[in-house]
Amino acid sequence: MRTYINRIGLRDYIIYILALLPMAMLCYKQQLTLGPISSYPLFLILLLMPVASNIEIPITKIRTRKNQHMHRDALLLEETYGVPVIKELATGTNLIYDTKITLNVGGFIIPMLTILYLLFSKMDFVALEIMLIVLVVVALLADFVDGVGIVIPSYVGIFTIPLALILAPQNAATIIFIAGTGGIIAGSVASLMALKREEKGSAYIDIGGAACFQAIYVTTLLAALISGFIP
């Protein structure tokens with residue numbers, strides 16, 4: 001487990017809990033659904049994502065650069081992103097990280113399994129088309145921060161809302177979820193593939209976690225909430 005909860009991270013969890021409380025009532029009243037996913041399983045997904053966001057599955061290793069300015073900025077990065085940068089500076093060599101690529105359970109595994117279930121239940125080409133747009137937007141907005149990994153703005157998922165409401169309003173919530181979370185995850189992978197390893201680096205690159213999870217979870221919450229207002 002890489003990410004630890006600092007003051008900023010704790011604030012985010014409090015916000016998630018406050019958002020889940022009214023959604024729990026809406027799910028209890030069977031007012032929120034996501035395609036074939038009914039209210040109770042949907043709430044379970046919303047609950048498990050933040051709970052599992054500190055669990056990572058390592059898949060491979062690469063070598064990336066350890067920039068010397070990291071020793072100066074490490075404390076600030078820890079406070080901002082909630083990852084143990086100072087501890088991780090001791091890994092690898094003076095100039096090289098032995099970078100672990102991991103998949104975040106809450107921000108990658110659970111959303112991807114849900115997306116695959118929705119697509120296998122009913123293939124939605126509009127969702128896939130919007131997902132490609134989100135992928136491009138994420139690739140343009142994403143930034144790789146030394147010592148942290150891929151950072152994605154938390155608001156990026158809102159781009160799917162007007163597109164879904166225009167192109168397929170009757171299925172907007174499902175499209176927002178598939179296109180938004182899928183596009184963010186795909187954009188993260190594209191950013192990883194485009195990483196210039198000889199210029200930047202981090203001890204961990206957590207796909208779907210750290211500075212990516214908030215964008216994925218906010219999009220999921222929006223999709224679930226919109227399902228309660230669109231039949």
# chains A, B, ... in the order shown; residues from 1 in each chain; ligands from 1
$ residues_around --residues "stretch 126-129 of chain A" --least-positions-apart "5" --cutoff "8 Å" --atoms "only C-alpha atoms" --output "PyMOL selection string"
chain A and resi 164+167-168+175-176+178-179
$ select_by_dssp --residues "stretch 12-171 of chain A" --states "helix (DSSP H, G or I)" --output "PyMOL selection string"
chain A and resi 12-28+39-54+70-81+85-88+105-121+125-141+156-167+169-171
$ residues_around --residues "A:Gly92" --least-positions-apart "2" --cutoff "10 Å" --atoms "only C-alpha atoms" --output "PyMOL selection string"
chain A and resi 63-66+88-90+94-99+203
$ closest_residue --among "A:Gln30, A:Ser227, A:Ser53, A:Gln170" --to "A:Phe108" --atoms "only C-alpha atoms"
A:Ser53
$ closest_residue --among "A:Glu199, A:Glu79, A:Glu56, A:Asp206" --to "A:Gly9" --atoms "only C-alpha atoms"
A:Glu79
$ closest_residue --among "A:Val83, A:Leu221, A:Ile226, A:Leu140" --to "A:Leu21" --atoms "only C-alpha atoms"
A:Leu221
$ closest_residue --among "A:Gly147, A:Pro22, A:Gly157, A:Gly35" --to "A:Thr181" --atoms "only C-alpha atoms"
A:Gly157
$ residues_around --residues "A:Leu225" --least-positions-apart "3" --cutoff "9 Å" --atoms "only C-alpha atoms" --output "list in words"
Met23, Leu26, Leu32, Thr33, Ala173, Thr220, Leu221, Leu222, Gly228 and Phe229 of chain A
$ write_last_selection --atoms "all heavy atoms" --output "short mmCIF file (atom, residue, chain, number, x, y, z; two decimals), in the first residue's frame"
data_model
loop_
_atom_site.label_atom_id
_atom_site.label_comp_id
_atom_site.auth_asym_id
_atom_site.auth_seq_id
_atom_site.Cartn_x
_atom_site.Cartn_y
_atom_site.Cartn_z
N MET A 23 -26.75 9.68 -1.05
CA MET A 23 -26.87 8.68 -2.11
C MET A 23 -27.30 7.34 -1.55
O MET A 23 -27.97 6.55 -2.23
CB MET A 23 -25.55 8.57 -2.88
CG MET A 23 -25.17 9.88 -3.57
SD MET A 23 -23.80 9.74 -4.71
CE MET A 23 -24.64 9.07 -6.13
N LEU A 26 -30.99 7.58 -1.44
CA LEU A 26 -31.56 7.45 -2.80
C LEU A 26 -31.51 6.01 -3.28
O LEU A 26 -32.44 5.54 -3.93
CB LEU A 26 -30.81 8.37 -3.76
CG LEU A 26 -31.00 9.88 -3.55
CD1 LEU A 26 -30.05 10.67 -4.44
CD2 LEU A 26 -32.45 10.27 -3.84
N LEU A 32 -31.64 5.29 -7.80
CA LEU A 32 -30.41 5.38 -8.57
C LEU A 32 -30.10 4.03 -9.20
O LEU A 32 -30.12 3.00 -8.53
CB LEU A 32 -29.23 5.81 -7.69
CG LEU A 32 -29.34 7.14 -6.96
CD1 LEU A 32 -28.05 7.43 -6.20
CD2 LEU A 32 -29.64 8.28 -7.93
N THR A 33 -29.82 4.03 -10.49
CA THR A 33 -29.41 2.82 -11.19
C THR A 33 -28.35 3.20 -12.23
O THR A 33 -28.20 4.37 -12.58
CB THR A 33 -30.59 2.14 -11.91
OG1 THR A 33 -31.15 3.06 -12.86
CG2 THR A 33 -31.66 1.72 -10.94
N ALA A 173 -26.61 8.54 -17.93
CA ALA A 173 -25.84 8.15 -16.74
C ALA A 173 -24.84 7.05 -17.06
O ALA A 173 -23.67 7.12 -16.66
CB ALA A 173 -26.78 7.71 -15.62
N THR A 220 -17.77 8.96 -11.29
CA THR A 220 -18.69 7.88 -10.90
C THR A 220 -19.85 8.42 -10.07
O THR A 220 -21.02 8.03 -10.30
CB THR A 220 -17.93 6.80 -10.10
OG1 THR A 220 -16.82 6.33 -10.87
CG2 THR A 220 -18.85 5.63 -9.77
N LEU A 221 -19.57 9.29 -9.13
CA LEU A 221 -20.62 9.89 -8.31
C LEU A 221 -21.59 10.70 -9.17
O LEU A 221 -22.82 10.63 -8.99
CB LEU A 221 -20.01 10.79 -7.23
CG LEU A 221 -19.29 10.10 -6.08
CD1 LEU A 221 -18.61 11.14 -5.19
CD2 LEU A 221 -20.25 9.26 -5.25
N LEU A 222 -21.06 11.47 -10.11
CA LEU A 222 -21.92 12.26 -10.99
C LEU A 222 -22.83 11.37 -11.84
O LEU A 222 -24.02 11.67 -12.01
CB LEU A 222 -21.06 13.16 -11.90
CG LEU A 222 -20.36 14.34 -11.22
CD1 LEU A 222 -19.41 15.01 -12.20
CD2 LEU A 222 -21.39 15.35 -10.71
N GLY A 228 -30.63 9.42 -11.22
CA GLY A 228 -31.83 9.65 -10.43
C GLY A 228 -32.73 10.73 -11.00
O GLY A 228 -33.89 10.87 -10.60
N PHE A 229 -32.20 11.50 -11.96
CA PHE A 229 -32.98 12.60 -12.53
C PHE A 229 -33.39 12.37 -13.97
O PHE A 229 -34.22 13.09 -14.52
CB PHE A 229 -32.17 13.91 -12.46
CG PHE A 229 -31.88 14.35 -11.06
CD1 PHE A 229 -30.71 13.98 -10.43
CD2 PHE A 229 -32.80 15.12 -10.36
CE1 PHE A 229 -30.44 14.39 -9.13
CE2 PHE A 229 -32.54 15.52 -9.07
CZ PHE A 229 -31.35 15.15 -8.45
#
$ select_by_dssp --residues "stretch 37-111 of chain A" --states "strand (DSSP E or B)" --output "ChimeraX atom specification"
/A:37,56-65,96-104
$ write_last_selection --atoms "C-alpha atoms" --output "compact mmCIF listing (two decimals), in the first residue's frame"
# COMPACT_ATOMS: atom_id res chain seq x y z
CA ILE A 37 -27.01 -2.32 -12.23
CA GLU A 56 -2.55 -1.63 -5.34
CA ILE A 57 -1.64 -4.65 -7.47
CA PRO A 58 1.92 -4.51 -8.88
CA ILE A 59 2.17 -5.64 -12.51
CA THR A 60 5.67 -4.71 -13.72
CA LYS A 61 8.78 -2.59 -13.13
CA ILE A 62 10.55 0.04 -15.21
CA ARG A 63 13.52 2.34 -14.63
CA THR A 64 12.87 6.09 -14.45
CA ARG A 65 14.96 9.13 -13.58
CA ILE A 96 17.39 6.01 -10.92
CA TYR A 97 14.05 4.78 -9.59
CA ASP A 98 13.15 1.10 -9.88
CA THR A 99 9.59 2.15 -10.64
CA LYS A 100 6.74 -0.21 -9.81
CA ILE A 101 3.70 0.01 -12.09
CA THR A 102 0.58 -0.85 -10.12
CA LEU A 103 -3.17 -1.10 -10.72
CA ASN A 104 -5.34 0.55 -8.09
$ residues_around --residues "A:Pro36" --least-positions-apart "6" --cutoff "10 Å" --atoms "only C-alpha atoms" --output "list in words"
Leu42, Tyr117, Leu118, Ser121, Lys122 and Thr174 of chain A
$ atom_distance --atom1 "atom CA of A:Ile230" --atom2 "atom CA of A:Asn171"
8.1 Å
$ closest_residue --among "A:Met49, A:Ile86, A:Val136, A:Cys27" --to "A:Gln214" --atoms "only C-alpha atoms"
A:Met49
$ atom_distance --atom1 "atom CA of A:Ala190" --atom2 "atom CA of A:Val138"
9.0 Å
$ atom_distance --atom1 "atom CA of A:Cys212" --atom2 "atom CA of A:Gln31"
28.5 Å
$ decode --residues "stretch 186-223 of chain A" --atoms "N, CA and C atoms" --output "mmCIF file, in the first residue's frame"
data_model
loop_
_atom_site.group_PDB
_atom_site.id
_atom_site.type_symbol
_atom_site.label_atom_id
_atom_site.label_comp_id
_atom_site.auth_asym_id
_atom_site.auth_seq_id
_atom_site.Cartn_x
_atom_site.Cartn_y
_atom_site.Cartn_z
ATOM 1 N N ALA A 186 -7.996 5.138 -19.570
ATOM 2 C CA ALA A 186 -7.259 4.980 -20.829
ATOM 3 C C ALA A 186 -6.268 6.124 -21.033
ATOM 4 N N GLY A 187 -6.676 7.339 -20.667
ATOM 5 C CA GLY A 187 -5.775 8.485 -20.765
ATOM 6 C C GLY A 187 -4.573 8.346 -19.851
ATOM 7 N N SER A 188 -4.789 7.758 -18.673
ATOM 8 C CA SER A 188 -3.676 7.510 -17.744
ATOM 9 C C SER A 188 -2.669 6.539 -18.348
ATOM 10 N N VAL A 189 -3.196 5.488 -18.964
ATOM 11 C CA VAL A 189 -2.313 4.508 -19.604
ATOM 12 C C VAL A 189 -1.556 5.144 -20.765
ATOM 13 N N ALA A 190 -2.251 5.987 -21.552
ATOM 14 C CA ALA A 190 -1.592 6.679 -22.665
ATOM 15 C C ALA A 190 -0.487 7.604 -22.152
ATOM 16 N N SER A 191 -0.747 8.294 -21.036
ATOM 17 C CA SER A 191 0.271 9.172 -20.451
ATOM 18 C C SER A 191 1.475 8.377 -19.965
ATOM 19 N N LEU A 192 1.224 7.195 -19.414
ATOM 20 C CA LEU A 192 2.315 6.330 -18.969
ATOM 21 C C LEU A 192 3.163 5.884 -20.152
ATOM 22 N N MET A 193 2.507 5.511 -21.242
ATOM 23 C CA MET A 193 3.236 5.057 -22.418
ATOM 24 C C MET A 193 4.058 6.186 -23.042
ATOM 25 N N ALA A 194 3.598 7.430 -22.877
ATOM 26 C CA ALA A 194 4.308 8.574 -23.452
ATOM 27 C C ALA A 194 5.362 9.148 -22.505
ATOM 28 N N LEU A 195 5.500 8.559 -21.311
ATOM 29 C CA LEU A 195 6.436 9.083 -20.319
ATOM 30 C C LEU A 195 7.874 9.037 -20.826
ATOM 31 N N LYS A 196 8.573 10.137 -20.684
ATOM 32 C CA LYS A 196 9.999 10.194 -21.012
ATOM 33 C C LYS A 196 10.791 9.784 -19.778
ATOM 34 N N ARG A 197 11.137 8.526 -19.720
ATOM 35 C CA ARG A 197 11.740 7.952 -18.515
ATOM 36 C C ARG A 197 13.086 8.564 -18.172
ATOM 37 N N GLU A 198 13.778 9.076 -19.178
ATOM 38 C CA GLU A 198 15.092 9.654 -18.921
ATOM 39 C C GLU A 198 15.008 11.061 -18.345
ATOM 40 N N GLU A 199 13.777 11.626 -18.270
ATOM 41 C CA GLU A 199 13.603 12.986 -17.766
ATOM 42 C C GLU A 199 12.827 13.052 -16.464
ATOM 43 N N LYS A 200 11.872 12.134 -16.262
ATOM 44 C CA LYS A 200 11.023 12.169 -15.075
ATOM 45 C C LYS A 200 10.910 10.774 -14.477
ATOM 46 N N GLY A 201 10.463 10.726 -13.213
ATOM 47 C CA GLY A 201 10.331 9.420 -12.600
ATOM 48 C C GLY A 201 9.650 9.449 -11.248
ATOM 49 N N SER A 202 9.330 8.270 -10.755
ATOM 50 C CA SER A 202 8.695 8.097 -9.456
ATOM 51 C C SER A 202 8.906 6.651 -9.025
ATOM 52 N N ALA A 203 8.906 6.416 -7.727
ATOM 53 C CA ALA A 203 9.084 5.048 -7.232
ATOM 54 C C ALA A 203 7.887 4.171 -7.590
ATOM 55 N N TYR A 204 6.711 4.789 -7.674
ATOM 56 C CA TYR A 204 5.488 4.088 -8.047
ATOM 57 C C TYR A 204 4.749 4.895 -9.099
ATOM 58 N N ILE A 205 4.111 4.196 -10.022
ATOM 59 C CA ILE A 205 3.128 4.810 -10.915
ATOM 60 C C ILE A 205 1.864 3.982 -10.759
ATOM 61 N N ASP A 206 0.905 4.546 -10.059
ATOM 62 C CA ASP A 206 -0.311 3.826 -9.680
ATOM 63 C C ASP A 206 -1.453 4.219 -10.616
ATOM 64 N N ILE A 207 -1.799 3.343 -11.545
ATOM 65 C CA ILE A 207 -2.853 3.637 -12.509
ATOM 66 C C ILE A 207 -4.215 3.560 -11.816
ATOM 67 N N GLY A 208 -4.908 4.682 -11.797
ATOM 68 C CA GLY A 208 -6.203 4.746 -11.131
ATOM 69 C C GLY A 208 -6.131 5.181 -9.679
ATOM 70 N N GLY A 209 -4.925 5.397 -9.166
ATOM 71 C CA GLY A 209 -4.794 5.776 -7.772
ATOM 72 C C GLY A 209 -4.076 7.095 -7.601
ATOM 73 N N ALA A 210 -3.637 7.364 -6.368
ATOM 74 C CA ALA A 210 -2.912 8.596 -6.032
ATOM 75 C C ALA A 210 -3.626 9.810 -6.607
ATOM 76 N N ALA A 211 -3.012 10.512 -7.544
ATOM 77 C CA ALA A 211 -3.576 11.757 -8.078
ATOM 78 C C ALA A 211 -4.547 11.537 -9.235
ATOM 79 N N CYS A 212 -4.928 10.277 -9.491
ATOM 80 C CA CYS A 212 -5.920 9.973 -10.541
ATOM 81 C C CYS A 212 -7.275 9.589 -9.953
ATOM 82 N N PHE A 213 -7.264 9.047 -8.732
ATOM 83 C CA PHE A 213 -8.484 8.459 -8.182
ATOM 84 C C PHE A 213 -9.611 9.468 -8.053
ATOM 85 N N GLN A 214 -9.302 10.671 -7.624
ATOM 86 C CA GLN A 214 -10.366 11.646 -7.387
ATOM 87 C C GLN A 214 -11.160 11.925 -8.658
ATOM 88 N N ALA A 215 -10.484 12.058 -9.800
ATOM 89 C CA ALA A 215 -11.176 12.302 -11.068
ATOM 90 C C ALA A 215 -12.105 11.146 -11.414
ATOM 91 N N ILE A 216 -11.641 9.924 -11.179
ATOM 92 C CA ILE A 216 -12.448 8.735 -11.483
ATOM 93 C C ILE A 216 -13.661 8.656 -10.561
ATOM 94 N N TYR A 217 -13.455 8.906 -9.273
ATOM 95 C CA TYR A 217 -14.557 8.755 -8.318
ATOM 96 C C TYR A 217 -15.581 9.876 -8.462
ATOM 97 N N VAL A 218 -15.132 11.094 -8.709
ATOM 98 C CA VAL A 218 -16.074 12.201 -8.922
ATOM 99 C C VAL A 218 -16.960 11.910 -10.129
ATOM 100 N N THR A 219 -16.382 11.375 -11.198
ATOM 101 C CA THR A 219 -17.165 11.027 -12.389
ATOM 102 C C THR A 219 -18.182 9.941 -12.078
ATOM 103 N N THR A 220 -17.773 8.957 -11.286
ATOM 104 C CA THR A 220 -18.692 7.877 -10.901
ATOM 105 C C THR A 220 -19.854 8.415 -10.073
ATOM 106 N N LEU A 221 -19.568 9.293 -9.126
ATOM 107 C CA LEU A 221 -20.624 9.893 -8.308
ATOM 108 C C LEU A 221 -21.593 10.700 -9.166
ATOM 109 N N LEU A 222 -21.062 11.469 -10.113
ATOM 110 C CA LEU A 222 -21.918 12.263 -10.992
ATOM 111 C C LEU A 222 -22.829 11.373 -11.838
ATOM 112 N N ALA A 223 -22.269 10.304 -12.381
ATOM 113 C CA ALA A 223 -23.069 9.386 -13.202
ATOM 114 C C ALA A 223 -24.201 8.769 -12.387
#
